[in-house]
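Quick notes on the structure that follows.
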Amino acid sequence: LGMAPNSPLVGRRNVLAWLAGGGLLAAASGCSQNSATGRNQLLLVSDTQLAEMSAQAWNELKAKTPILQDKGAQARLERIGQRVVDASGATGLNWEFVAFDNPEINAFVLPGGKVGFFRGLLETAGDDAEVAAVMGHEAGHVTARHAAERFSQQMLVNVGVTAATVLLAGELGQFADEAAAALGMGVMVGVILPYSREHELEADRLGVDLMAKAAYEPRAAVRFWTKMMEASVARGQPLELLSTHPSDGTRMTALEKHIATLL
Ligand SMILES: [Zn+2]
């Protein structure tokens with residue numbers, strides 16, 4: 001725990017009012033240790049509740065965003081996704097892996113194991129191991145329960161925030177606007193939050209661990225992120241994936257260091 005509300009405007013009364021409101025807290029687990037990371041987390045929402053909320057957002061996204069009409073690409077994504085998930089042990093979730101027909105170089109995951117890859121990313125990643133690097137990162141967010149943690153922290157900051165907005169926030173970047181509009185939440189975009197730097201670095205570490213367990217070459221993660229940085233420089237503007245996942249020297253060094261412990 002130890003995460004104080006960020007906003008001085010949030011009074012204890014608001015939090016208490018929310019607590020009294022029950023609802024989300026009905027099955028809350030409070031502060032607990034995560035088995036993937038070993039960290040203690042503040043969790044005010046259960047996995048089941050979060051999965052229900054994200055299932056709704058996921059279904060609307062699939063209905064309103066063009067899905068890539070390429071059976072080979074979909075099958076490949078599923079094969080890689082399943083291999084990474086099997087390695088994670090989080091096989092109890094109802095995982096789905098869908099490639100969307102969108103040129104952005106991006107990917108995201110919703111709680112409950114709903115993974116979306118954009119065509120742009122599949123075209124940029126060279127081999128299966130590079131796709132697995134992104135897949136591992138996204139699965140890492142799930143096993144580390146980052147969405148539940150972020151949701152819970154936000155609950156303490158702003159009791160009125162819309163659940164789906166927070167769920168969609170981390171990985172979507174600019175696409176979050178489209179997603180929010182598609183979901184009829186245009187006015188809520190202002191409260192969309194990115195994952196914290198800490199969450200991104202943790203997802204990197206967990207992702208590399210999962211790659212190794214799934215018998216993908218962990219160094220492919222460095223290859224992929226380096227390629228992303230180069231593409232970004234060539235384009236003269238940051239790629240969307242990099243704005244939500246800044247690939248600076250610090251991050252790459254941390255990746256290299258962690259990979260060295262695995263080899
Ligand atoms: Zn991430």
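Scheme for the structure tokens: letters A, B, ... for chains in order shown; per-chain residue numbers from 1; ligand numbers from 1 in order shown.
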Exercise. Name the residues in contact with Ala133 of chain A at a cut-off of 7 Å, using only C-alpha atoms, excluding same-chain residues fewer than 3 positions from it; report them as JSON, numbers by chain.
Key: {"A": [129, 130, 136, 137, 207, 208, 211, 220, 221]}
Quiz prompt | Residue list (alpha helix (DSSP H), DSSP) for segment 67-169 of chain A, as a ChimeraX atom specification | solution = /A:71-88,119-124,128-143,146-157,163-169
Practice problem: Quick one: everything within 10 Å of Asp204 of chain A, counting only C-alpha atoms, minus sequence neighbours fewer than 5 positions away in the same chain. Send it as a PyMOL selection string. | Solution: chain A and resi 133-134+136-141+198-199+209-210+221+245+251-252+254-255+258
Any chance you can output those residues with C-alpha atoms as a CSV table (one decimal), in the first residue's frame?
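Here's the written file out-v2.csv:
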```
chain,number,residue,atom,x,y,z
A,133,ALA,CA,8.0,-9.4,-26.8
A,134,VAL,CA,5.0,-7.1,-27.1
A,136,GLY,CA,4.8,-10.7,-23.0
A,137,HIS,CA,4.7,-7.1,-22.0
A,138,GLU,CA,0.9,-7.0,-22.3
A,139,ALA,CA,0.5,-10.3,-20.5
A,140,GLY,CA,2.8,-8.8,-17.8
A,141,HIS,CA,0.4,-6.0,-17.2
A,198,GLU,CA,6.9,1.9,-12.9
A,199,HIS,CA,4.2,-0.2,-14.4
A,209,ASP,CA,10.6,-13.5,-18.2
A,210,LEU,CA,7.5,-14.8,-20.1
A,221,ALA,CA,12.6,-7.5,-26.9
A,245,HIS,CA,5.9,3.3,-23.8
A,251,ARG,CA,14.4,1.7,-20.3
A,252,MET,CA,16.7,-0.1,-22.7
A,254,ALA,CA,16.9,-1.8,-17.6
A,255,LEU,CA,15.8,-4.3,-20.3
A,258,HIS,CA,17.2,-7.9,-16.8
```
Quiz prompt | Selection: 8 Å around segment 47-50 of chain A, only C-alpha atoms, excl. self and same-chain fewer than 2 positions, as a ChimeraX atom specification | solution = /A:24,45,52-54,111-112,148
Residue contacts of Val131 of chain A (9 Å, only C-alpha atoms) excluding same-chain residues fewer than 3 positions away, as a PDB file with N, CA, C and O atoms, in the first residue's frame:
```pdb
ATOM      1  N   LEU A  77      -1.212 -14.544 -34.416  1.00  0.00           N
ATOM      2  CA  LEU A  77      -1.320 -13.795 -33.166  1.00  0.00           C
ATOM      3  C   LEU A  77      -1.829 -14.698 -32.048  1.00  0.00           C
ATOM      4  O   LEU A  77      -1.327 -14.660 -30.921  1.00  0.00           O
ATOM      5  N   ILE A  80       0.975 -17.230 -30.922  1.00  0.00           N
ATOM      6  CA  ILE A  80       1.993 -16.590 -30.087  1.00  0.00           C
ATOM      7  C   ILE A  80       1.396 -16.225 -28.726  1.00  0.00           C
ATOM      8  O   ILE A  80       2.010 -16.452 -27.679  1.00  0.00           O
ATOM      9  N   GLY A  81       0.171 -15.690 -28.750  1.00  0.00           N
ATOM     10  CA  GLY A  81      -0.486 -15.289 -27.513  1.00  0.00           C
ATOM     11  C   GLY A  81      -0.685 -16.465 -26.579  1.00  0.00           C
ATOM     12  O   GLY A  81      -0.394 -16.390 -25.383  1.00  0.00           O
ATOM     13  N   LEU A 121       1.590  -2.662 -36.000  1.00  0.00           N
ATOM     14  CA  LEU A 121       2.591  -3.309 -35.160  1.00  0.00           C
ATOM     15  C   LEU A 121       3.007  -4.651 -35.757  1.00  0.00           C
ATOM     16  O   LEU A 121       4.190  -4.995 -35.790  1.00  0.00           O
ATOM     17  N   LEU A 122       2.022  -5.406 -36.244  1.00  0.00           N
ATOM     18  CA  LEU A 122       2.335  -6.712 -36.833  1.00  0.00           C
ATOM     19  C   LEU A 122       3.241  -6.549 -38.046  1.00  0.00           C
ATOM     20  O   LEU A 122       4.092  -7.400 -38.319  1.00  0.00           O
ATOM     21  N   ALA A 125       6.909  -5.544 -36.494  1.00  0.00           N
ATOM     22  CA  ALA A 125       7.644  -6.609 -35.808  1.00  0.00           C
ATOM     23  C   ALA A 125       8.148  -7.613 -36.847  1.00  0.00           C
ATOM     24  O   ALA A 125       7.409  -8.012 -37.737  1.00  0.00           O
ATOM     25  N   GLY A 126       9.406  -7.987 -36.724  1.00  0.00           N
ATOM     26  CA  GLY A 126       9.979  -8.872 -37.723  1.00  0.00           C
ATOM     27  C   GLY A 126       9.511 -10.310 -37.586  1.00  0.00           C
ATOM     28  O   GLY A 126       8.733 -10.814 -38.394  1.00  0.00           O
ATOM     29  N   ASP A 127       9.947 -10.966 -36.534  1.00  0.00           N
ATOM     30  CA  ASP A 127       9.637 -12.387 -36.395  1.00  0.00           C
ATOM     31  C   ASP A 127       8.691 -12.623 -35.214  1.00  0.00           C
ATOM     32  O   ASP A 127       8.264 -11.684 -34.541  1.00  0.00           O
ATOM     33  N   ASP A 128       8.371 -13.898 -34.985  1.00  0.00           N
ATOM     34  CA  ASP A 128       7.453 -14.243 -33.899  1.00  0.00           C
ATOM     35  C   ASP A 128       7.971 -13.778 -32.540  1.00  0.00           C
ATOM     36  O   ASP A 128       7.193 -13.372 -31.675  1.00  0.00           O
ATOM     37  N   VAL A 134       6.096  -8.015 -27.388  1.00  0.00           N
ATOM     38  CA  VAL A 134       4.965  -7.134 -27.078  1.00  0.00           C
ATOM     39  C   VAL A 134       3.891  -7.919 -26.325  1.00  0.00           C
ATOM     40  O   VAL A 134       3.309  -7.444 -25.347  1.00  0.00           O
ATOM     41  N   MET A 135       3.650  -9.155 -26.778  1.00  0.00           N
ATOM     42  CA  MET A 135       2.656 -10.010 -26.123  1.00  0.00           C
ATOM     43  C   MET A 135       3.031 -10.233 -24.653  1.00  0.00           C
ATOM     44  O   MET A 135       2.175 -10.186 -23.767  1.00  0.00           O
ATOM     45  N   GLY A 136       4.309 -10.494 -24.406  1.00  0.00           N
ATOM     46  CA  GLY A 136       4.783 -10.725 -23.041  1.00  0.00           C
ATOM     47  C   GLY A 136       4.572  -9.484 -22.181  1.00  0.00           C
ATOM     48  O   GLY A 136       4.160  -9.577 -21.016  1.00  0.00           O
ATOM     49  N   ALA A 220      15.036 -10.532 -28.326  1.00  0.00           N
ATOM     50  CA  ALA A 220      14.153  -9.981 -29.355  1.00  0.00           C
ATOM     51  C   ALA A 220      13.426  -8.741 -28.832  1.00  0.00           C
ATOM     52  O   ALA A 220      13.023  -7.874 -29.611  1.00  0.00           O
ATOM     53  N   ALA A 221      13.258  -8.661 -27.511  1.00  0.00           N
ATOM     54  CA  ALA A 221      12.598  -7.488 -26.923  1.00  0.00           C
ATOM     55  C   ALA A 221      13.432  -6.234 -27.185  1.00  0.00           C
ATOM     56  O   ALA A 221      12.908  -5.192 -27.579  1.00  0.00           O
ATOM     57  N   PHE A 224      13.207  -5.346 -30.864  1.00  0.00           N
ATOM     58  CA  PHE A 224      11.953  -4.714 -31.241  1.00  0.00           C
ATOM     59  C   PHE A 224      11.901  -3.250 -30.809  1.00  0.00           C
ATOM     60  O   PHE A 224      11.568  -2.370 -31.597  1.00  0.00           O
TER      61      PHE A 224
END
```
Self-check item: Shortest interatomic distance to Ala214 of chain A - which of A:Asp70, A:Ala132, A:Asn59, A:Asp101, counting only C-alpha atoms
Solution: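 Of all the options, A:Ala132 lies closest to Ala214 of chain A.
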Quiz prompt | Residue with smallest distance to ligand 1 - pool A:Trp58, A:Phe117, A:Trp225, A:Tyr195, counting only C-alpha atoms and all ligand atoms | solution =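 Going through A:Trp58, A:Phe117, A:Trp225, A:Tyr195 one by one, the smallest distance to ligand 1 is for A:Tyr195.
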Quiz item: Any idea what's packed within 10 Å of Leu263 of chain A, counting only C-alpha atoms, ignoring anything in its chain fewer than 2 positions away? Could you give it as an NGL selection string?
Solution: :A and (212 or 217-219 or 258-261)
Quiz item: With only C-alpha atoms as the basis for distance, which of A:Val84, A:Leu43, A:Val98, A:Ala234 is at the shortest distance from Ile67 of chain A?
Solution: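 The shortest atom-to-atom distance to Ile67 of chain A comes from A:Val98.
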